[in-house]
Amino acid sequence: MDQEIYLTGLLIPVAWYGNGSVKAVALATDDEKEISISGPMQKNIMRHLRQQVGLWGTFEDPIDCAVIQVKRFHPVRPSLE
């Protein structure tokens with residue numbers, strides 16, 4: 001059984017359909033990694049593009065292709081420092 005993890009970062013588009021709509025998204029983390037997002041949550045998460053989010057899910061890291069299977073997510077409000 002895979003262990004669920006929590007990651008935060010900026011949701012970015014990474015692939016597009018021919019008509020210009022977003023096909024796939026990834027999480028850009030603070031340490032400059034780009035983690036692909038998969039799973040049924042991907043359709044719901046699209047409305048949060050270019051926003052900071054927190055994701056819970058299972059993580060796979062095959063060679064040069066990190067992927068998180070998202071179970072749930074929430075928008076992260078920017079901190080005022």
# chains A, B, ... in the order shown; residues from 1 in each chain; ligands from 1
$ select_by_dssp --residues "chain A" --states "strand (DSSP E)" --output "number ranges by chain"
A: 4-16, 22-28, 34-38, 52-60, 67-75
$ closest_atom_pairs --of "segment 33-57 of chain A" --to "segment 13-17 of chain A" --cutoff "10 Å" --atoms "only C-alpha atoms" --output "JSON lines"
{"residue": "A:Glu34", "atom": "CA", "partner": "A:Val14", "partner_atom": "CA", "distance": 9.5}
{"residue": "A:Ser36", "atom": "CA", "partner": "A:Val14", "partner_atom": "CA", "distance": 8.5}
{"residue": "A:Met46", "atom": "CA", "partner": "A:Pro13", "partner_atom": "CA", "distance": 8.7}
{"residue": "A:Leu49", "atom": "CA", "partner": "A:Pro13", "partner_atom": "CA", "distance": 7.0}
{"residue": "A:Arg50", "atom": "CA", "partner": "A:Pro13", "partner_atom": "CA", "distance": 8.1}
$ write_last_selection --atoms "C-alpha atoms" --output "PDB file, in the first residue's frame"
ATOM      1  CA  GLU A  34       7.951  19.844 -11.483  1.00  0.00           C
ATOM      2  CA  SER A  36       3.009  15.782 -12.886  1.00  0.00           C
ATOM      3  CA  MET A  46      -7.897  22.938 -13.400  1.00  0.00           C
ATOM      4  CA  LEU A  49      -4.180  27.043 -12.361  1.00  0.00           C
ATOM      5  CA  ARG A  50      -1.425  29.513 -11.464  1.00  0.00           C
TER       6      ARG A  50
END
$ residues_around --residues "Ala26 of chain A" --least-positions-apart "2" --cutoff "9 Å" --atoms "only C-alpha atoms" --output "list of chain:residue names"
A:Leu10, A:Leu11, A:Ile12, A:Pro13, A:Val14, A:Ala24, A:Ala28, A:Glu34, A:Ile35, A:Ser36, A:Ile37, A:Ser38, A:Val67, A:Ile68
$ write_last_selection --atoms "N, CA, C and O atoms" --output "compact mmCIF listing (two decimals), in the first residue's frame"
# COMPACT_ATOMS: atom_id res chain seq x y z
N LEU A 10 2.95 25.66 -6.81
CA LEU A 10 2.18 26.42 -7.78
C LEU A 10 1.69 25.48 -8.87
O LEU A 10 2.46 24.72 -9.44
N LEU A 11 0.41 25.52 -9.17
CA LEU A 11 -0.18 24.68 -10.20
C LEU A 11 0.06 25.32 -11.57
O LEU A 11 -0.34 26.46 -11.79
N ILE A 12 0.74 24.60 -12.45
CA ILE A 12 1.08 25.16 -13.76
C ILE A 12 0.61 24.24 -14.90
O ILE A 12 0.57 23.03 -14.75
N PRO A 13 0.23 24.84 -16.04
CA PRO A 13 -0.10 24.01 -17.20
C PRO A 13 1.19 23.48 -17.84
O PRO A 13 2.19 24.18 -17.87
N VAL A 14 1.16 22.24 -18.33
CA VAL A 14 2.36 21.66 -18.96
C VAL A 14 2.09 21.06 -20.33
O VAL A 14 3.03 20.73 -21.05
N ALA A 24 -2.87 19.05 -19.49
CA ALA A 24 -2.24 18.45 -18.32
C ALA A 24 -1.62 19.54 -17.43
O ALA A 24 -1.21 20.59 -17.93
N ALA A 28 4.61 22.91 -9.45
CA ALA A 28 5.96 23.47 -9.38
C ALA A 28 6.25 23.72 -7.90
O ALA A 28 5.61 24.57 -7.28
N GLU A 34 9.24 19.84 -10.80
CA GLU A 34 7.95 19.84 -11.48
C GLU A 34 7.38 18.44 -11.38
O GLU A 34 7.95 17.49 -11.91
N ILE A 35 6.26 18.31 -10.68
CA ILE A 35 5.66 17.00 -10.43
C ILE A 35 4.34 16.92 -11.18
O ILE A 35 3.42 17.70 -10.94
N SER A 36 4.23 15.97 -12.11
CA SER A 36 3.01 15.78 -12.89
C SER A 36 1.87 15.35 -11.98
O SER A 36 2.08 14.64 -10.99
N ILE A 37 0.67 15.76 -12.34
CA ILE A 37 -0.53 15.43 -11.56
C ILE A 37 -1.38 14.48 -12.37
O ILE A 37 -1.65 14.73 -13.55
N SER A 38 -1.82 13.40 -11.73
CA SER A 38 -2.69 12.45 -12.39
C SER A 38 -3.87 12.13 -11.49
O SER A 38 -3.90 12.50 -10.32
N VAL A 67 5.41 11.82 -10.43
CA VAL A 67 3.96 11.93 -10.60
C VAL A 67 3.29 11.77 -9.25
O VAL A 67 3.67 10.92 -8.45
N ILE A 68 2.26 12.62 -8.99
CA ILE A 68 1.45 12.45 -7.80
C ILE A 68 0.02 12.14 -8.23
O ILE A 68 -0.54 12.81 -9.09
$ closest_residue --among "A:Gly54, A:Gln3, A:Phe59, A:Asp64" --to "Val76 of chain A" --atoms "only C-alpha atoms"
A:Gly54
$ select_by_dssp --residues "segment 19-75 of chain A" --states "helix (DSSP H, G or I)" --output "MDAnalysis selection string"
chainID A and resid 41:48
$ write_last_selection --atoms "all heavy atoms" --output "JSON list (two decimals), in the first residue's frame"
[["chain", "number", "residue", "atom", "x", "y", "z"],
["A", 41, "MET", "N", -8.91, 13.77, -9.86],
["A", 41, "MET", "CA", -8.95, 15.13, -9.33],
["A", 41, "MET", "C", -8.44, 16.15, -10.34],
["A", 41, "MET", "O", -8.68, 17.34, -10.20],
["A", 41, "MET", "CB", -8.10, 15.25, -8.06],
["A", 41, "MET", "CG", -8.60, 14.48, -6.87],
["A", 41, "MET", "SD", -10.17, 15.11, -6.26],
["A", 41, "MET", "CE", -9.69, 16.69, -5.66],
["A", 42, "GLN", "N", -7.74, 15.71, -11.38],
["A", 42, "GLN", "CA", -7.13, 16.65, -12.32],
["A", 42, "GLN", "C", -8.17, 17.59, -12.93],
["A", 42, "GLN", "O", -7.93, 18.77, -13.09],
["A", 42, "GLN", "CB", -6.37, 15.92, -13.41],
["A", 42, "GLN", "CG", -5.63, 16.88, -14.32],
["A", 42, "GLN", "CD", -4.69, 16.19, -15.26],
["A", 42, "GLN", "OE1", -4.37, 15.03, -15.10],
["A", 42, "GLN", "NE2", -4.24, 16.91, -16.26],
["A", 43, "LYS", "N", -9.37, 17.10, -13.26],
["A", 43, "LYS", "CA", -10.39, 17.96, -13.86],
["A", 43, "LYS", "C", -10.85, 19.04, -12.87],
["A", 43, "LYS", "O", -11.05, 20.18, -13.25],
["A", 43, "LYS", "CB", -11.56, 17.12, -14.32],
["A", 43, "LYS", "CG", -11.19, 16.20, -15.47],
["A", 43, "LYS", "CD", -12.40, 15.59, -16.11],
["A", 43, "LYS", "CE", -12.08, 14.55, -17.13],
["A", 43, "LYS", "NZ", -11.13, 14.87, -18.13],
["A", 44, "ASN", "N", -11.02, 18.71, -11.60],
["A", 44, "ASN", "CA", -11.44, 19.68, -10.59],
["A", 44, "ASN", "C", -10.35, 20.69, -10.27],
["A", 44, "ASN", "O", -10.63, 21.82, -9.90],
["A", 44, "ASN", "CB", -11.86, 18.98, -9.30],
["A", 44, "ASN", "CG", -13.08, 18.12, -9.48],
["A", 44, "ASN", "OD1", -13.92, 18.39, -10.32],
["A", 44, "ASN", "ND2", -13.19, 17.06, -8.70],
["A", 45, "ILE", "N", -9.13, 20.27, -10.40],
["A", 45, "ILE", "CA", -8.00, 21.12, -10.01],
["A", 45, "ILE", "C", -7.70, 22.19, -11.07],
["A", 45, "ILE", "O", -7.07, 23.19, -10.77],
["A", 45, "ILE", "CB", -6.78, 20.22, -9.72],
["A", 45, "ILE", "CG1", -5.94, 20.82, -8.62],
["A", 45, "ILE", "CG2", -5.97, 19.94, -10.94],
["A", 45, "ILE", "CD1", -4.93, 19.86, -8.07],
["A", 46, "MET", "N", -8.18, 22.01, -12.30],
["A", 46, "MET", "CA", -7.90, 22.94, -13.40],
["A", 46, "MET", "C", -8.30, 24.38, -13.08],
["A", 46, "MET", "O", -7.66, 25.31, -13.54],
["A", 46, "MET", "CB", -8.61, 22.51, -14.68],
["A", 46, "MET", "CG", -8.06, 21.25, -15.27],
["A", 46, "MET", "SD", -6.47, 21.52, -16.01],
["A", 46, "MET", "CE", -6.38, 20.12, -17.07],
["A", 47, "ARG", "N", -9.34, 24.57, -12.31],
["A", 47, "ARG", "CA", -9.78, 25.95, -12.03],
["A", 47, "ARG", "C", -8.84, 26.67, -11.07],
["A", 47, "ARG", "O", -9.01, 27.85, -10.79],
["A", 47, "ARG", "CB", -11.21, 25.96, -11.50],
["A", 47, "ARG", "CG", -11.34, 25.34, -10.13],
["A", 47, "ARG", "CD", -12.76, 25.29, -9.67],
["A", 47, "ARG", "NE", -12.98, 23.93, -9.22],
["A", 47, "ARG", "CZ", -14.11, 23.43, -8.87],
["A", 47, "ARG", "NH1", -15.17, 24.17, -8.94],
["A", 47, "ARG", "NH2", -14.20, 22.21, -8.45],
["A", 48, "HIS", "N", -7.81, 25.98, -10.57],
["A", 48, "HIS", "CA", -6.84, 26.58, -9.65],
["A", 48, "HIS", "C", -5.47, 26.79, -10.31],
["A", 48, "HIS", "O", -4.47, 26.94, -9.62],
["A", 48, "HIS", "CB", -6.70, 25.72, -8.39],
["A", 48, "HIS", "CG", -7.97, 25.63, -7.62],
["A", 48, "HIS", "ND1", -8.43, 26.64, -6.82],
["A", 48, "HIS", "CD2", -8.91, 24.65, -7.57],
["A", 48, "HIS", "CE1", -9.58, 26.30, -6.29],
["A", 48, "HIS", "NE2", -9.89, 25.10, -6.73]]
$ residues_around --residues "Arg77 of chain A" --least-positions-apart "6" --cutoff "9 Å" --atoms "only C-alpha atoms" --output "NGL selection string"
:A and (51-53)
$ atom_distance --atom1 "atom CA of Ala66 of chain A" --atom2 "atom CA of Val22 of chain A"
19.4 Å
$ atom_distance --atom1 "atom CA of Ile63 of chain A" --atom2 "atom CA of Lys23 of chain A"
22.5 Å
$ atom_distance --atom1 "atom CA of Asp61 of chain A" --atom2 "atom CA of Ser21 of chain A"
27.0 Å
$ decode --residues "segment 30-43 of chain A" --atoms "N, CA and C atoms" --output "PDB file, in the first residue's frame"
ATOM      1  N   ASP A  30       8.612  24.486  -4.324  1.00  0.00           N
ATOM      2  CA  ASP A  30       9.553  25.521  -3.894  1.00  0.00           C
ATOM      3  C   ASP A  30      11.003  25.164  -4.209  1.00  0.00           C
ATOM      4  N   ASP A  31      11.305  23.869  -4.295  1.00  0.00           N
ATOM      5  CA  ASP A  31      12.675  23.453  -4.604  1.00  0.00           C
ATOM      6  C   ASP A  31      12.885  23.253  -6.115  1.00  0.00           C
ATOM      7  N   GLU A  32      12.002  23.881  -6.922  1.00  0.00           N
ATOM      8  CA  GLU A  32      12.106  23.938  -8.372  1.00  0.00           C
ATOM      9  C   GLU A  32      11.919  22.595  -9.071  1.00  0.00           C
ATOM     10  N   LYS A  33      11.186  21.679  -8.442  1.00  0.00           N
ATOM     11  CA  LYS A  33      10.834  20.422  -9.100  1.00  0.00           C
ATOM     12  C   LYS A  33       9.465  20.582  -9.739  1.00  0.00           C
ATOM     13  N   GLU A  34       9.236  19.843 -10.802  1.00  0.00           N
ATOM     14  CA  GLU A  34       7.951  19.844 -11.483  1.00  0.00           C
ATOM     15  C   GLU A  34       7.381  18.437 -11.378  1.00  0.00           C
ATOM     16  N   ILE A  35       6.258  18.306 -10.680  1.00  0.00           N
ATOM     17  CA  ILE A  35       5.656  17.001 -10.431  1.00  0.00           C
ATOM     18  C   ILE A  35       4.336  16.921 -11.181  1.00  0.00           C
ATOM     19  N   SER A  36       4.233  15.969 -12.108  1.00  0.00           N
ATOM     20  CA  SER A  36       3.009  15.782 -12.886  1.00  0.00           C
ATOM     21  C   SER A  36       1.868  15.352 -11.977  1.00  0.00           C
ATOM     22  N   ILE A  37       0.668  15.760 -12.342  1.00  0.00           N
ATOM     23  CA  ILE A  37      -0.525  15.433 -11.560  1.00  0.00           C
ATOM     24  C   ILE A  37      -1.385  14.483 -12.371  1.00  0.00           C
ATOM     25  N   SER A  38      -1.817  13.403 -11.729  1.00  0.00           N
ATOM     26  CA  SER A  38      -2.690  12.448 -12.394  1.00  0.00           C
ATOM     27  C   SER A  38      -3.873  12.127 -11.494  1.00  0.00           C
ATOM     28  N   GLY A  39      -4.822  11.434 -12.062  1.00  0.00           N
ATOM     29  CA  GLY A  39      -5.972  10.998 -11.284  1.00  0.00           C
ATOM     30  C   GLY A  39      -7.229  11.778 -11.593  1.00  0.00           C
ATOM     31  N   PRO A  40      -8.345  11.316 -11.049  1.00  0.00           N
ATOM     32  CA  PRO A  40      -9.634  11.952 -11.333  1.00  0.00           C
ATOM     33  C   PRO A  40      -9.736  13.387 -10.821  1.00  0.00           C
ATOM     34  N   MET A  41      -8.905  13.771  -9.858  1.00  0.00           N
ATOM     35  CA  MET A  41      -8.949  15.127  -9.328  1.00  0.00           C
ATOM     36  C   MET A  41      -8.438  16.147 -10.339  1.00  0.00           C
ATOM     37  N   GLN A  42      -7.742  15.714 -11.383  1.00  0.00           N
ATOM     38  CA  GLN A  42      -7.128  16.651 -12.315  1.00  0.00           C
ATOM     39  C   GLN A  42      -8.170  17.586 -12.935  1.00  0.00           C
ATOM     40  N   LYS A  43      -9.369  17.104 -13.263  1.00  0.00           N
ATOM     41  CA  LYS A  43     -10.393  17.958 -13.858  1.00  0.00           C
ATOM     42  C   LYS A  43     -10.851  19.036 -12.871  1.00  0.00           C
TER      43      LYS A  43
END
